[in-house]
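One structure is given here, and the rest of the page talks about it.
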Amino acid sequence: MTGAALAALWSHWARNPLQLFTLIAGLALATALWSGVQAINAEARASYDAAAATLGEGRFDQLLPRVGETIPQERYIALRRAGWQVSPVLEGRLATPDGSIRLLGLDPMTSPGGLSPVALGGEDMDLVSFLSDGIIFADAVTAAQIASVVDLEVIVDPSVAPGLALTDIGVAQRLLDRGGVLTRLILAQVQPKGLVPLTELAPDLMRRVAQEGSDLGRLTDSFHLNLTAFGFLSFAVGIFIVHGAIGLAFEQRRTMVRTLRALGLPLRRLVWLMVAELAVFALLAGTLGVVLGYLIAAMLLPDVAATLRGLYGADVAGSIRLRPGWWLSGYAIALGGTAMAAAGALWQIARMPLLASARPRAWVMARGAGAARSGALAAGLLLGAGALALWGSGMVMGFALLACLLTGAALALPLLLRIVLGICQARARGVVAHWFWADTRQQLPGMSLALMALLLAIAANIGVSTMVSSFRLTFVGFLDQRLAPELFVGVEDAREAAALEAFLEGRAREVLPVLSVETRMAGLPADLYGARIGMTYRENWRFLASDGPVWDRVAAGEAVIVNEQLARRSGLWVGGELAVAPDVILPVIGIVADYGNPIGQAVISEALFQRLFPDIIATRFGLRTDDADRLRTALTSEFGMSEAVMIDQKDIKAFSLEVFERTFTVTGALNVLTLAVAGFAILMSLLTLAAIRLPQLAPVWALGLTRATLGRLELLRAVVLALLTAVLALPLGLALAWVLLTIVNVEAFGWRLPMYLFPLDYARLGLFALMAAVMAALWPARRLARTAPGELLKVFANER
Amino acid sequence: MLLEIENLTKSYPSSDGPVPVLRGVDLSLDVGQTLALTGESGSGKSTLLHLVGGLDHADSGSIRIAGQEVTTLDDQGRAALRRHEVGVVFQQFNLIPSLDVAANIAFQARLSAQADPTRIEDLARALGLTDHLRKYPEALSGGQQQRVAIARTLAARPRLVLADEPTGNLDEATAGEVLTQMLDLVAETGAALMVVTHSAGVAARMGRRVHLSGGHLA
Ligand SMILES: Nc1ncnc2c1ncn2[C@@H]1O[C@H](COP(=O)(O)OP(=O)(O)OP(=O)(O)O)[C@@H](O)[C@H]1O
Ligand SMILES: [Mg+2]
């Protein structure tokens, strides 16, 4: 009995291969986009964790300099002498032809277990050669990069985090040219009793307690959340398709279900058979999806890696590994998605009275009946979105707001389209026009899932492109403001710096030393700058908020300027107070926009800076001049400066812009994929609808419209629906942009951007959407125009 | 002569080669005449009707309606023929599901630009549809749908009315009534009527009767 029933169930798919294809393809696409994003996230997290493990951040307390970047080696020796179990670390960046890598020098004699490279425990690798010969450990990619700049033996060790190289501390000091200094000390977990407290022995060092997870993980969380949100959006669009395909297939099998039950197959068995059948499809589609997802991830990962490095300085592997957790989750989402999409249809089958109508048309009608319910739900969600926009705050709230907004708008779409089409129908003059609008309205329930997908795709495109373009515009303006100096130059040491300043006297309009120190302010990692306040600062810097004569007060050492990131993250604003050093607390007098880096910054006067950090000297200078070329020549020929240490303002601008361009490559790619999935959804809806369209079109044809006319009208219908959807997507997309710019961005990057509008971009996008709709509708319309008259006549002859 | 069919043949493709259904049919019908076409199930009655209505293509032979050759018309010509010259009532699924009854009745008349609101009202009254004008087809019974299709055909005033078992879905009493109205209305407009039927009762009320068997008319 089971075998016969299965054969009967399967016969439906065999006769409707397109439906089967839609089902599998929709599910595979949904799984692919979701698991592709998950793969990227998993890879990045693994990289952060590997880095954290190598650096010991997760397990050991560390000692860091309170001020500045380095610890003198004597301090380490003093601590060891006093009995403290500490181990020295020197970390720095080593330039390579393809950028730079992070070099970490360790002392294998004193470092706690588990920190040294794994390969060091191997048989052919002894401590002595690590110490004496200078061996470097790195993963394959990094090893290749190092080999080109360093003449030492490089051992490939896959357990080392990407972009990181490990070596003996002495070797690191030599390679980084930083003899006698360390960047931090690692404290062993167990220390001898009765030691002199660290606060007495080393008051200039700060103890950072071991922390779960890594700083990088937290810093980049928002970026990954963004990716996840896009993955989820694509998944939702895919599940729409699957839901449509399953609903239609089950509806068309009603007759068969009725017959099978009439012939004595128990309902329970029948439902289980259908569940089993869907599970097989889900596994098949899941496999396809995981493979596709892998390809997508492999394609996007290099850009993601570049973005993370540019924005957060985080090193992520450039290639994807197949992690079991990831592909298992791909299968899980395929099965879960199928269950979600099929639950309703299965439920209906399970409750269907034996003699229910078997006409497929009833399906389309019945789905229209749910319109009121989804309308109410849409209104509720949109109200919820409004409430969140007014009173919500925080990243999670931002995404909840987006979810409410997008789902609410998607649910409201069929309702709005119904109203618009109703108006068109009422105003139509000709009989064909009247029928066209009425018929379009009737198609709405069958098309609405695909149109919702299109709405979401267009809105996402508008939202993200508005954000990106607003960002670019603001950022370019910001660069013009900040990169006022025509030339930037670097020097080696204090003596040369002094000589340069003397040389430039009378030659440059203004000399602006770049004086900075990495420190912590308001409990956050931040940079403190000392500014030589002159015309450049006074004329170019624009404040988001300020109070009184900002530069005069800063110059007098009475106030501090902070960037937006620091202000927002620490909740400081003009009028607040910031401790720039342990006992120097200054009022905040100005807030500046700062799109150049992710962390906080504060600016004080040069004089105050030098008093607080007498050891720090400026080795980079910005020069103001009316003739950059002449100054350049003078510096090389008269001062003897090498061309290599001079950078033109134009080059920096170009470089900075490039980093930000890549930041959005990934979201851009996901956007295109989402639009493609929406186009696919339209195609599949039209093709599945085509089967049930014949009874609707055959009478019109029989009454005197040619098949060609009907085909053209089908195409026009798709265009009209896509156009209406695109028009409705515009306000939604702008709302999305607003949420991204004023809520999500502030949480993720710490800055709020002004929103600009780009009507031309939107028009072009609308055109793309229409083209997608035309492409999707072309084939079904041609098929319709070429339907054999016999097929149409069957409508009148067969008991369907 | 309104309708002239000569030596008409039609076969359908099948896996064992073409299966002939019509093997040389000759028939003529003049203005104001009524004709019953009978024959066993599968004998090709619907096929013949579809060919006359310009809905399908014949293999050979000729069909002339009011002197115009139908078999050589292209899609456009056939569509125009269906709009202006012939009205077809099928056995089922005649109606446009997205339009209400009133719009369905007016549809063909408006297509051929001869909609006349009073005539449509009259037809609706005559066929007992006045109460259903705002309903959609799916809310009608099979018999009601059939009456809407008949009203639609007659509202368009075609010269030739083709009906494929128009009363097959109706009980005997209703069938008789609908048929009476059809005959009355055809007589009133002066159209010719060709009805496919299994019912001897229906056939008896037509002016002429022909029987299709073995691909020939008798
Ligand atoms: N599209 C088609 N393809 C193949 N064969 C067809 C097609 N349409 C009809 N036939 C065959 O042609 C023959 C005539 O069909 P037709 O529908 O004209 O019969 P009919 O006389 O109207 O029968 P009924 O009284 O049952 O309606 C039948 O044997 C049928 O199987
Ligand atoms: Mg028939």
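Going through the structure tokens in order, the chains are called A, B, and so on, while each chain numbers its residues from 1 and the ligands are numbered from 1 in the order shown.
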
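Considering only C-alpha atoms and all ligand atoms, the residues that reside within 7 Å of ligand 2 can be listed as Ala797 of chain A; Ser41, Gly42, Gly44, Lys45, Ser46 and Asp164 of chain B.
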
Keeping N, CA and C atoms, export the residues of the selection given above as a compact mmCIF listing (two decimals), in the first residue's frame.
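The resulting part_9.txt:
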# COMPACT_ATOMS: atom_id res chain seq x y z
N ALA A 797 -13.19 21.15 -22.62
CA ALA A 797 -13.60 19.78 -22.88
C ALA A 797 -13.40 18.87 -21.67
N SER B 41 -19.79 9.44 -28.05
CA SER B 41 -18.70 10.14 -27.37
C SER B 41 -17.38 9.81 -28.06
N GLY B 42 -16.61 10.82 -28.35
CA GLY B 42 -15.32 10.61 -29.01
C GLY B 42 -15.43 10.57 -30.52
N GLY B 44 -16.02 13.08 -32.50
CA GLY B 44 -15.41 14.26 -33.13
C GLY B 44 -16.34 15.46 -33.22
N LYS B 45 -17.43 15.46 -32.46
CA LYS B 45 -18.39 16.57 -32.53
C LYS B 45 -17.74 17.88 -32.08
N SER B 46 -17.10 17.83 -30.92
CA SER B 46 -16.46 19.04 -30.41
C SER B 46 -15.39 19.51 -31.37
N ASP B 164 -21.83 23.66 -27.61
CA ASP B 164 -21.37 22.29 -27.37
C ASP B 164 -22.06 21.78 -26.12

Show me, as a PDB file with N, CA, C and O atoms, in the first residue's frame, every residue of chain A with an atom at most 8 Å from chain B, counting only C-alpha atoms.
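Heads up, here's the output in selection.pdb:
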ATOM      1  N   VAL A 431     -13.009  47.536 -22.806  1.00  0.00           N
ATOM      2  CA  VAL A 431     -13.375  46.260 -22.203  1.00  0.00           C
ATOM      3  C   VAL A 431     -12.144  45.415 -21.908  1.00  0.00           C
ATOM      4  O   VAL A 431     -12.062  44.746 -20.883  1.00  0.00           O
ATOM      5  N   VAL A 432     -11.163  45.496 -22.810  1.00  0.00           N
ATOM      6  CA  VAL A 432      -9.953  44.709 -22.579  1.00  0.00           C
ATOM      7  C   VAL A 432      -9.182  45.266 -21.381  1.00  0.00           C
ATOM      8  O   VAL A 432      -8.691  44.517 -20.538  1.00  0.00           O
ATOM      9  N   TRP A 435     -10.910  44.163 -18.253  1.00  0.00           N
ATOM     10  CA  TRP A 435     -10.581  42.772 -17.947  1.00  0.00           C
ATOM     11  C   TRP A 435      -9.136  42.657 -17.445  1.00  0.00           C
ATOM     12  O   TRP A 435      -8.859  41.953 -16.492  1.00  0.00           O
ATOM     13  N   ALA A 438      -8.911  43.661 -13.844  1.00  0.00           N
ATOM     14  CA  ALA A 438      -9.607  42.674 -13.002  1.00  0.00           C
ATOM     15  C   ALA A 438      -8.777  41.405 -12.902  1.00  0.00           C
ATOM     16  O   ALA A 438      -8.613  40.817 -11.827  1.00  0.00           O
ATOM     17  N   ASP A 439      -8.238  40.990 -14.044  1.00  0.00           N
ATOM     18  CA  ASP A 439      -7.468  39.749 -14.081  1.00  0.00           C
ATOM     19  C   ASP A 439      -6.160  39.908 -13.301  1.00  0.00           C
ATOM     20  O   ASP A 439      -5.728  39.000 -12.590  1.00  0.00           O
ATOM     21  N   ARG A 441      -5.705  41.799 -10.786  1.00  0.00           N
ATOM     22  CA  ARG A 441      -6.087  41.736  -9.377  1.00  0.00           C
ATOM     23  C   ARG A 441      -6.273  40.297  -8.943  1.00  0.00           C
ATOM     24  O   ARG A 441      -5.919  39.915  -7.834  1.00  0.00           O
ATOM     25  N   GLN A 442      -6.813  39.495  -9.849  1.00  0.00           N
ATOM     26  CA  GLN A 442      -7.036  38.108  -9.495  1.00  0.00           C
ATOM     27  C   GLN A 442      -5.714  37.337  -9.380  1.00  0.00           C
ATOM     28  O   GLN A 442      -5.619  36.376  -8.629  1.00  0.00           O
ATOM     29  N   PRO A 695      -7.308  28.039 -17.729  1.00  0.00           N
ATOM     30  CA  PRO A 695      -8.770  28.170 -17.623  1.00  0.00           C
ATOM     31  C   PRO A 695      -9.223  29.618 -17.527  1.00  0.00           C
ATOM     32  O   PRO A 695     -10.349  29.932 -17.891  1.00  0.00           O
ATOM     33  N   GLN A 696      -8.336  30.493 -17.029  1.00  0.00           N
ATOM     34  CA  GLN A 696      -8.717  31.895 -16.919  1.00  0.00           C
ATOM     35  C   GLN A 696      -8.594  32.617 -18.259  1.00  0.00           C
ATOM     36  O   GLN A 696      -9.307  33.569 -18.525  1.00  0.00           O
ATOM     37  N   LEU A 697      -7.646  32.155 -19.068  1.00  0.00           N
ATOM     38  CA  LEU A 697      -7.389  32.861 -20.314  1.00  0.00           C
ATOM     39  C   LEU A 697      -8.145  32.277 -21.500  1.00  0.00           C
ATOM     40  O   LEU A 697      -8.481  32.993 -22.436  1.00  0.00           O
ATOM     41  N   PRO A 699     -11.262  31.369 -22.047  1.00  0.00           N
ATOM     42  CA  PRO A 699     -12.497  32.031 -22.470  1.00  0.00           C
ATOM     43  C   PRO A 699     -12.222  33.341 -23.200  1.00  0.00           C
ATOM     44  O   PRO A 699     -12.879  33.641 -24.198  1.00  0.00           O
ATOM     45  N   VAL A 700     -11.238  34.108 -22.722  1.00  0.00           N
ATOM     46  CA  VAL A 700     -10.936  35.392 -23.358  1.00  0.00           C
ATOM     47  C   VAL A 700     -10.430  35.158 -24.770  1.00  0.00           C
ATOM     48  O   VAL A 700     -10.785  35.869 -25.711  1.00  0.00           O
ATOM     49  N   TRP A 701      -9.606  34.109 -24.886  1.00  0.00           N
ATOM     50  CA  TRP A 701      -9.100  33.762 -26.217  1.00  0.00           C
ATOM     51  C   TRP A 701     -10.258  33.338 -27.128  1.00  0.00           C
ATOM     52  O   TRP A 701     -10.379  33.798 -28.265  1.00  0.00           O
ATOM     53  N   ALA A 702     -11.146  32.477 -26.601  1.00  0.00           N
ATOM     54  CA  ALA A 702     -12.247  31.978 -27.406  1.00  0.00           C
ATOM     55  C   ALA A 702     -13.161  33.102 -27.859  1.00  0.00           C
ATOM     56  O   ALA A 702     -13.791  33.028 -28.899  1.00  0.00           O
ATOM     57  N   LEU A 703     -13.207  34.171 -27.063  1.00  0.00           N
ATOM     58  CA  LEU A 703     -14.093  35.279 -27.411  1.00  0.00           C
ATOM     59  C   LEU A 703     -13.446  36.252 -28.373  1.00  0.00           C
ATOM     60  O   LEU A 703     -14.054  37.249 -28.739  1.00  0.00           O
ATOM     61  N   GLY A 704     -12.195  36.018 -28.742  1.00  0.00           N
ATOM     62  CA  GLY A 704     -11.679  36.847 -29.819  1.00  0.00           C
ATOM     63  C   GLY A 704     -10.425  37.651 -29.534  1.00  0.00           C
ATOM     64  O   GLY A 704     -10.155  38.634 -30.205  1.00  0.00           O
ATOM     65  N   LEU A 705      -9.628  37.279 -28.537  1.00  0.00           N
ATOM     66  CA  LEU A 705      -8.310  37.901 -28.401  1.00  0.00           C
ATOM     67  C   LEU A 705      -7.269  36.895 -28.905  1.00  0.00           C
ATOM     68  O   LEU A 705      -7.382  35.709 -28.617  1.00  0.00           O
ATOM     69  N   THR A 706      -6.257  37.382 -29.643  1.00  0.00           N
ATOM     70  CA  THR A 706      -5.272  36.427 -30.139  1.00  0.00           C
ATOM     71  C   THR A 706      -4.350  36.011 -29.001  1.00  0.00           C
ATOM     72  O   THR A 706      -4.235  36.698 -27.986  1.00  0.00           O
ATOM     73  N   ARG A 707      -3.698  34.877 -29.210  1.00  0.00           N
ATOM     74  CA  ARG A 707      -2.742  34.413 -28.203  1.00  0.00           C
ATOM     75  C   ARG A 707      -1.596  35.405 -28.060  1.00  0.00           C
ATOM     76  O   ARG A 707      -1.080  35.627 -26.970  1.00  0.00           O
ATOM     77  N   PRO A 789      -3.696  25.767 -29.737  1.00  0.00           N
ATOM     78  CA  PRO A 789      -5.129  25.947 -29.531  1.00  0.00           C
ATOM     79  C   PRO A 789      -5.744  24.725 -28.848  1.00  0.00           C
ATOM     80  O   PRO A 789      -6.619  24.870 -28.003  1.00  0.00           O
ATOM     81  N   GLY A 790      -5.225  23.548 -29.181  1.00  0.00           N
ATOM     82  CA  GLY A 790      -5.747  22.333 -28.573  1.00  0.00           C
ATOM     83  C   GLY A 790      -5.654  22.367 -27.053  1.00  0.00           C
ATOM     84  O   GLY A 790      -6.576  21.947 -26.352  1.00  0.00           O
ATOM     85  N   LEU A 793      -8.309  24.551 -25.815  1.00  0.00           N
ATOM     86  CA  LEU A 793      -9.637  23.947 -25.988  1.00  0.00           C
ATOM     87  C   LEU A 793      -9.906  22.875 -24.941  1.00  0.00           C
ATOM     88  O   LEU A 793     -11.046  22.627 -24.577  1.00  0.00           O
ATOM     89  N   VAL A 795      -9.508  23.074 -21.992  1.00  0.00           N
ATOM     90  CA  VAL A 795     -10.154  23.706 -20.836  1.00  0.00           C
ATOM     91  C   VAL A 795     -11.662  23.483 -20.890  1.00  0.00           C
ATOM     92  O   VAL A 795     -12.300  23.222 -19.877  1.00  0.00           O
ATOM     93  N   PHE A 796     -12.200  23.576 -22.117  1.00  0.00           N
ATOM     94  CA  PHE A 796     -13.654  23.490 -22.239  1.00  0.00           C
ATOM     95  C   PHE A 796     -14.115  22.049 -22.323  1.00  0.00           C
ATOM     96  O   PHE A 796     -15.291  21.773 -22.180  1.00  0.00           O
ATOM     97  N   ALA A 797     -13.194  21.147 -22.625  1.00  0.00           N
ATOM     98  CA  ALA A 797     -13.601  19.776 -22.881  1.00  0.00           C
ATOM     99  C   ALA A 797     -13.404  18.873 -21.674  1.00  0.00           C
ATOM    100  O   ALA A 797     -14.220  18.009 -21.407  1.00  0.00           O
TER     101      ALA A 797
END

Using DSSP assignments from the backbone, pull out every residue in stretch 13-51 of chain B that falls under helix (DSSP H, G or I) and give it to me as a PDB file with N, CA, C and O atoms, in the first residue's frame.
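The new file out.pdb reads:
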ATOM      1  N   LYS B  45     -17.427  15.461 -32.463  1.00  0.00           N
ATOM      2  CA  LYS B  45     -18.387  16.567 -32.533  1.00  0.00           C
ATOM      3  C   LYS B  45     -17.743  17.880 -32.076  1.00  0.00           C
ATOM      4  O   LYS B  45     -17.829  18.907 -32.763  1.00  0.00           O
ATOM      5  N   SER B  46     -17.102  17.826 -30.922  1.00  0.00           N
ATOM      6  CA  SER B  46     -16.462  19.044 -30.411  1.00  0.00           C
ATOM      7  C   SER B  46     -15.393  19.515 -31.372  1.00  0.00           C
ATOM      8  O   SER B  46     -15.224  20.717 -31.617  1.00  0.00           O
ATOM      9  N   THR B  47     -14.670  18.552 -31.928  1.00  0.00           N
ATOM     10  CA  THR B  47     -13.613  18.901 -32.875  1.00  0.00           C
ATOM     11  C   THR B  47     -14.180  19.699 -34.043  1.00  0.00           C
ATOM     12  O   THR B  47     -13.631  20.747 -34.420  1.00  0.00           O
ATOM     13  N   LEU B  48     -15.268  19.230 -34.589  1.00  0.00           N
ATOM     14  CA  LEU B  48     -15.892  19.916 -35.718  1.00  0.00           C
ATOM     15  C   LEU B  48     -16.321  21.329 -35.315  1.00  0.00           C
ATOM     16  O   LEU B  48     -16.067  22.308 -36.029  1.00  0.00           O
ATOM     17  N   LEU B  49     -16.947  21.419 -34.152  1.00  0.00           N
ATOM     18  CA  LEU B  49     -17.409  22.714 -33.662  1.00  0.00           C
ATOM     19  C   LEU B  49     -16.242  23.700 -33.513  1.00  0.00           C
ATOM     20  O   LEU B  49     -16.315  24.867 -33.906  1.00  0.00           O
ATOM     21  N   HIS B  50     -15.144  23.200 -32.969  1.00  0.00           N
ATOM     22  CA  HIS B  50     -13.977  24.064 -32.761  1.00  0.00           C
ATOM     23  C   HIS B  50     -13.400  24.544 -34.080  1.00  0.00           C
ATOM     24  O   HIS B  50     -12.954  25.688 -34.194  1.00  0.00           O
ATOM     25  N   LEU B  51     -13.413  23.662 -35.081  1.00  0.00           N
ATOM     26  CA  LEU B  51     -12.879  24.065 -36.381  1.00  0.00           C
ATOM     27  C   LEU B  51     -13.748  25.164 -36.981  1.00  0.00           C
ATOM     28  O   LEU B  51     -13.228  26.157 -37.512  1.00  0.00           O
TER      29      LEU B  51
END

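For stretch 73-125 of chain B, a DSSP pass over the backbone yields strand (DSSP E) at Val86, Gly87, Val88 and Val89 of chain B.
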
| said: I need the residue nearest B:Thr189 from this list: B:Gly24, B:Pro158, B:Gly17, B:Pro137. Use only C-alpha atoms for the distance. | reply: B:Pro158

| request: Within 9 Å of A:Leu198, counting only C-alpha atoms, which residues show up once you throw out same-chain ones fewer than 5 positions away? Write them as an MDAnalysis selection string, please. | output: chainID A and resid 79 84 203 205 207

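With only C-alpha atoms and all ligand atoms as the atoms that count, the residue of B:Gln68, B:Thr167, B:Ser11, B:Thr34 with the shortest distance to ligand 1 is B:Ser11.
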
| message | Give me the residues near A:Met452 as an MDAnalysis selection string, where near means some atom within 7 Å (using only C-alpha atoms) and where sequence neighbours in that chain fewer than 4 positions away do not count. | response | chainID A and resid 410 413 448 456

| task | Figure out the distance between atom CA of A:Ala5 and atom CA of A:Met256, please, to one decimal in Å. | result | 9.8 Å

| query | Any idea what's packed within 12 Å of stretch 544-555 of chain A, counting only C-alpha atoms, ignoring anything in its chain fewer than 4 positions away? Could you give it as a ChimeraX atom specification? | reply | /A:529-540,559-565,567-568,572-576,586-594,602-609,751-754

| query | What's the 8 Å shell around A:Ala777, counting only C-alpha atoms, without same-chain residues fewer than 5 positions away, as a list in words? | reply |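 Listed by chain and then number, they are Ile682, Leu683, Leu686, Glu714, Leu715 and Ala718 of chain A.
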
Give me the residues near A:Arg102 as a PDB file with N, CA and C atoms, in the first residue's frame, where near means some atom within 6 Å (using only C-alpha atoms) and where sequence neighbours in that chain fewer than 3 positions away do not count.
ATOM      1  N   GLY A  92      54.409  43.782  16.810  1.00  0.00           N
ATOM      2  CA  GLY A  92      54.540  44.909  15.896  1.00  0.00           C
ATOM      3  C   GLY A  92      54.150  44.470  14.502  1.00  0.00           C
ATOM      4  N   ARG A  93      54.094  45.418  13.596  1.00  0.00           N
ATOM      5  CA  ARG A  93      53.725  45.053  12.226  1.00  0.00           C
ATOM      6  C   ARG A  93      54.971  45.058  11.354  1.00  0.00           C
ATOM      7  N   LEU A 164      49.431  36.343  11.219  1.00  0.00           N
ATOM      8  CA  LEU A 164      50.261  36.461  12.412  1.00  0.00           C
ATOM      9  C   LEU A 164      51.504  35.582  12.238  1.00  0.00           C
TER      10      LEU A 164
END
